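Take a look at the structure set out below.
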Amino acid sequence: MGADELSAMLWRERRQLELLLFRLETQLLHVRAGSWHWLKFTAADVEKVLENLRFDTLARNIESSAVAIEWRVPANATLPMISSVAPPGIWPELLQEHHHAMVLLLEQVESAVAANVEALLSGPIGAGDVRLTAGQPGDVLAPEATSDAANAADDVMLLAENANIERALAVTRDCSLPLLEEFLGLA
């Protein structure tokens, strides 16, 4: 019964990793398309998945500890350790399959995080500083230039855009999963 619960928790954790990967890839598409206004939603989506994933990780830790103790290895045993002492039958193969799939997903998530951070850092934050100073008081504006009210509205939009980018960057950088890495034997 304990191994069944562990396997079910591993499936849930895998689905959460897949969803995290999807959310990160969606965010990256918006960043590359220049759809900065959607980042407030993509960041919230990533945060929600991370929250669910961290909860599932804690629940899986409880199940894996119980199985580890039942199979006479330390309660903090890694998934490879647990699969190596699993009783003959389906469990060694199934647990190794979970391990392989989760390592692959974790690598994909890490790549997506790196791509997102790079894209977010090269976004309009740096260019935004230039855009903010281009319409400052004292600048000589051409007659066809927009009004001060339009410049102020542009500045507010730019500040909101930069705030969305900063939040998305903070959330993306928070995608480290040390408990999962440890459980998979990667830490």
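All residue names refer to the structure tokens as shown: chains lettered A, B, ... in order, residues numbered from 1 in each chain, ligands numbered from 1 in order.
Non-sequential neighbours of A:Thr42 (distance at most 12 Å, separation of 4 or more positions within a chain, only C-alpha atoms) are Leu20, Leu21, Phe22, Arg23, Leu24, Glu25, Thr26, Gln27, Leu28, Leu29, His30, Val31, Ser35, Trp36, His37, Trp38, Val46, Glu47, Lys48, Val49, Asn116, Asn164, Ile165, Arg167, Ala168, Leu169, Val171 and Thr172 of chain A.
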Those same residues - C-alpha atoms - I'd like them written as an mmCIF file, in the first residue's frame.
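Output below, filename again_30.cif:
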```cif
data_model
loop_
_atom_site.group_PDB
_atom_site.id
_atom_site.type_symbol
_atom_site.label_atom_id
_atom_site.label_comp_id
_atom_site.auth_asym_id
_atom_site.auth_seq_id
_atom_site.Cartn_x
_atom_site.Cartn_y
_atom_site.Cartn_z
ATOM 1 C CA LEU A 20 5.582 24.351 -14.462
ATOM 2 C CA LEU A 21 7.460 23.723 -17.689
ATOM 3 C CA PHE A 22 4.364 24.697 -19.686
ATOM 4 C CA ARG A 23 3.902 27.912 -17.677
ATOM 5 C CA LEU A 24 7.567 28.850 -18.086
ATOM 6 C CA GLU A 25 7.441 28.177 -21.830
ATOM 7 C CA THR A 26 4.238 30.232 -22.096
ATOM 8 C CA GLN A 27 5.907 33.100 -20.254
ATOM 9 C CA LEU A 28 8.909 32.869 -22.559
ATOM 10 C CA LEU A 29 6.680 33.074 -25.621
ATOM 11 C CA HIS A 30 5.078 36.243 -24.264
ATOM 12 C CA VAL A 31 8.461 37.754 -23.471
ATOM 13 C CA SER A 35 3.722 41.015 -24.744
ATOM 14 C CA TRP A 36 4.995 42.471 -21.488
ATOM 15 C CA HIS A 37 1.519 43.255 -20.165
ATOM 16 C CA TRP A 38 0.751 39.513 -19.887
ATOM 17 C CA VAL A 46 4.187 30.132 -12.256
ATOM 18 C CA GLU A 47 3.788 31.080 -8.588
ATOM 19 C CA LYS A 48 0.649 28.941 -8.238
ATOM 20 C CA VAL A 49 2.309 25.904 -9.813
ATOM 21 C CA ASN A 116 13.302 33.115 -19.256
ATOM 22 C CA ASN A 164 5.664 43.166 -14.457
ATOM 23 C CA ILE A 165 9.082 42.208 -15.769
ATOM 24 C CA ARG A 167 7.984 40.331 -10.775
ATOM 25 C CA ALA A 168 8.262 37.713 -13.526
ATOM 26 C CA LEU A 169 12.030 37.730 -13.082
ATOM 27 C CA VAL A 171 9.226 34.429 -9.657
ATOM 28 C CA THR A 172 11.269 32.722 -12.377
#
```
Review point. Could you pull the residues within 12 Å of A:Arg173, counting only C-alpha atoms, minus those fewer than 5 positions along the same chain, as a list in words?
Key: Leu24, Ala43, Val46, Glu47, Leu50, Val109, Glu110, Ser111, Ala112, Val113, Ala114, Ala115, Asn116, Val117, Glu118, Leu120, Leu121, Glu166, Arg167 and Ala168 of chain A
Residue contacts of A:Met81 (12 Å, only C-alpha atoms) excluding same-chain residues fewer than 3 positions away, as a compact mmCIF listing (two decimals) with C-alpha atoms, in the first residue's frame:
```
# COMPACT_ATOMS: atom_id res chain seq x y z
CA SER A 64 8.79 8.10 0.53
CA SER A 65 9.92 8.09 4.17
CA VAL A 67 8.25 3.30 2.08
CA ALA A 68 11.94 3.69 2.83
CA ILE A 69 11.45 2.61 6.43
CA TRP A 71 11.99 -1.40 2.89
CA ARG A 72 14.70 -0.96 5.54
CA VAL A 73 16.62 2.08 4.26
CA PRO A 74 16.97 5.46 5.96
CA ALA A 75 13.82 7.61 5.99
CA ASN A 76 15.59 10.29 3.96
CA ALA A 77 16.61 7.85 1.21
CA THR A 78 16.74 9.13 -2.35
CA SER A 84 17.41 -0.23 -5.59
CA VAL A 85 15.94 -1.98 -2.52
CA ALA A 86 12.41 -2.36 -3.87
CA PRO A 92 12.09 -1.33 -9.15
CA LEU A 95 10.38 3.77 -9.52
CA GLN A 96 13.34 3.96 -11.94
CA HIS A 99 13.25 8.87 -11.53
CA GLU A 182 17.88 15.98 -3.21
CA PHE A 183 15.22 13.28 -3.49
CA LEU A 184 16.31 12.49 -7.05
CA GLY A 185 19.91 12.14 -5.86
```
Point to revise | Which of A:Ala163, A:Ala59, A:Cys175, A:Leu53 sits closest to A:Gln16 [using only C-alpha atoms] | key: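 Among A:Ala163, A:Ala59, A:Cys175, A:Leu53, it is A:Leu53 that comes nearest to A:Gln16.
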**Study point:** Residue set, stretch 18-132 of chain A restricted to alpha helix (DSSP H), as a PyMOL selection string
**Key:** chain A and resi 18-33+39-70+79-84+91-121+124-132
May I have the selected residues written with C-alpha atoms, as an mmCIF file, in the first residue's frame?
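The resulting file, part13.cif, is shown below:
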```
data_model
loop_
_atom_site.group_PDB
_atom_site.id
_atom_site.type_symbol
_atom_site.label_atom_id
_atom_site.label_comp_id
_atom_site.auth_asym_id
_atom_site.auth_seq_id
_atom_site.Cartn_x
_atom_site.Cartn_y
_atom_site.Cartn_z
ATOM 1 C CA GLU A 18 5.062 19.396 -16.601
ATOM 2 C CA LEU A 19 2.692 22.234 -15.745
ATOM 3 C CA LEU A 20 5.582 24.351 -14.462
ATOM 4 C CA LEU A 21 7.460 23.723 -17.689
ATOM 5 C CA PHE A 22 4.364 24.697 -19.686
ATOM 6 C CA ARG A 23 3.902 27.912 -17.677
ATOM 7 C CA LEU A 24 7.567 28.850 -18.086
ATOM 8 C CA GLU A 25 7.441 28.177 -21.830
ATOM 9 C CA THR A 26 4.238 30.232 -22.096
ATOM 10 C CA GLN A 27 5.907 33.100 -20.254
ATOM 11 C CA LEU A 28 8.909 32.869 -22.559
ATOM 12 C CA LEU A 29 6.680 33.074 -25.621
ATOM 13 C CA HIS A 30 5.078 36.243 -24.264
ATOM 14 C CA VAL A 31 8.461 37.754 -23.471
ATOM 15 C CA ARG A 32 9.836 36.978 -26.919
ATOM 16 C CA ALA A 33 6.666 38.375 -28.524
ATOM 17 C CA LEU A 39 3.666 38.912 -17.526
ATOM 18 C CA LYS A 40 1.547 39.725 -14.472
ATOM 19 C CA PHE A 41 -0.591 36.703 -15.364
ATOM 20 C CA THR A 42 2.246 34.384 -16.349
ATOM 21 C CA ALA A 43 4.119 35.193 -13.135
ATOM 22 C CA ALA A 44 1.003 34.430 -11.091
ATOM 23 C CA ASP A 45 0.584 31.142 -12.965
ATOM 24 C CA VAL A 46 4.187 30.132 -12.256
ATOM 25 C CA GLU A 47 3.788 31.080 -8.588
ATOM 26 C CA LYS A 48 0.649 28.941 -8.238
ATOM 27 C CA VAL A 49 2.309 25.904 -9.813
ATOM 28 C CA LEU A 50 5.362 26.347 -7.567
ATOM 29 C CA GLU A 51 3.102 26.489 -4.524
ATOM 30 C CA ASN A 52 1.319 23.287 -5.567
ATOM 31 C CA LEU A 53 4.584 21.591 -6.447
ATOM 32 C CA ARG A 54 6.147 22.424 -3.103
ATOM 33 C CA PHE A 55 3.095 21.072 -1.289
ATOM 34 C CA ASP A 56 3.207 17.872 -3.373
ATOM 35 C CA THR A 57 6.930 17.557 -2.663
ATOM 36 C CA LEU A 58 6.297 17.643 1.084
ATOM 37 C CA ALA A 59 3.503 15.073 0.769
ATOM 38 C CA ARG A 60 5.777 12.857 -1.336
ATOM 39 C CA ASN A 61 8.517 13.155 1.283
ATOM 40 C CA ILE A 62 6.122 11.692 3.852
ATOM 41 C CA GLU A 63 5.188 8.791 1.561
ATOM 42 C CA SER A 64 8.785 8.102 0.529
ATOM 43 C CA SER A 65 9.919 8.086 4.173
ATOM 44 C CA ALA A 66 7.274 5.507 5.034
ATOM 45 C CA VAL A 67 8.247 3.299 2.079
ATOM 46 C CA ALA A 68 11.945 3.694 2.834
ATOM 47 C CA ILE A 69 11.450 2.607 6.431
ATOM 48 C CA GLU A 70 9.260 -0.299 5.317
ATOM 49 C CA LEU A 79 14.519 7.719 -5.070
ATOM 50 C CA PRO A 80 17.431 5.766 -6.607
ATOM 51 C CA MET A 81 18.159 4.244 -3.181
ATOM 52 C CA ILE A 82 14.517 3.308 -2.679
ATOM 53 C CA SER A 83 14.213 1.760 -6.147
ATOM 54 C CA SER A 84 17.412 -0.234 -5.588
ATOM 55 C CA TRP A 91 8.403 -1.555 -8.173
ATOM 56 C CA PRO A 92 12.093 -1.327 -9.146
ATOM 57 C CA GLU A 93 11.236 -0.645 -12.784
ATOM 58 C CA LEU A 94 8.380 1.751 -12.039
ATOM 59 C CA LEU A 95 10.375 3.774 -9.523
ATOM 60 C CA GLN A 96 13.344 3.960 -11.939
ATOM 61 C CA GLU A 97 10.951 5.191 -14.647
ATOM 62 C CA HIS A 98 9.671 7.901 -12.302
ATOM 63 C CA HIS A 99 13.250 8.871 -11.532
ATOM 64 C CA HIS A 100 14.257 9.083 -15.179
ATOM 65 C CA ALA A 101 11.172 11.128 -16.139
ATOM 66 C CA MET A 102 11.551 13.518 -13.214
ATOM 67 C CA VAL A 103 15.249 14.124 -13.871
ATOM 68 C CA LEU A 104 14.434 14.905 -17.499
ATOM 69 C CA LEU A 105 11.603 17.261 -16.512
ATOM 70 C CA LEU A 106 13.795 18.984 -13.947
ATOM 71 C CA GLU A 107 16.496 19.558 -16.591
ATOM 72 C CA GLN A 108 13.873 20.997 -18.957
ATOM 73 C CA VAL A 109 12.540 23.283 -16.224
ATOM 74 C CA GLU A 110 16.061 24.497 -15.450
ATOM 75 C CA SER A 111 16.637 25.239 -19.152
ATOM 76 C CA ALA A 112 13.322 27.090 -19.371
ATOM 77 C CA VAL A 113 14.196 29.098 -16.255
ATOM 78 C CA ALA A 114 17.571 30.077 -17.747
ATOM 79 C CA ALA A 115 15.955 31.069 -21.072
ATOM 80 C CA ASN A 116 13.302 33.115 -19.256
ATOM 81 C CA VAL A 117 15.825 34.925 -17.075
ATOM 82 C CA GLU A 118 17.974 35.742 -20.102
ATOM 83 C CA ALA A 119 14.988 36.980 -22.114
ATOM 84 C CA LEU A 120 13.587 38.997 -19.212
ATOM 85 C CA LEU A 121 16.955 40.626 -18.533
ATOM 86 C CA PRO A 124 12.804 46.597 -22.135
ATOM 87 C CA ILE A 125 14.110 47.130 -18.593
ATOM 88 C CA GLY A 126 17.432 48.354 -19.919
ATOM 89 C CA ALA A 127 15.784 50.016 -22.904
ATOM 90 C CA GLY A 128 13.155 51.369 -20.536
ATOM 91 C CA ASP A 129 15.705 53.599 -18.873
ATOM 92 C CA VAL A 130 16.391 55.175 -22.242
ATOM 93 C CA ARG A 131 12.688 55.501 -23.017
ATOM 94 C CA LEU A 132 12.061 57.114 -19.651
#
```
Exercise for review: Could you tell me how far atom CA of A:Leu17 lies from atom CA of A:Ala160, in Å and to one decimal?
Suggested key: 29.6 Å
Review point. For the atom pair atom CA of A:Ser176 and atom CA of A:Ser122, what is the interatomic distance in Å to one decimal place?
Key: 21.3 Å
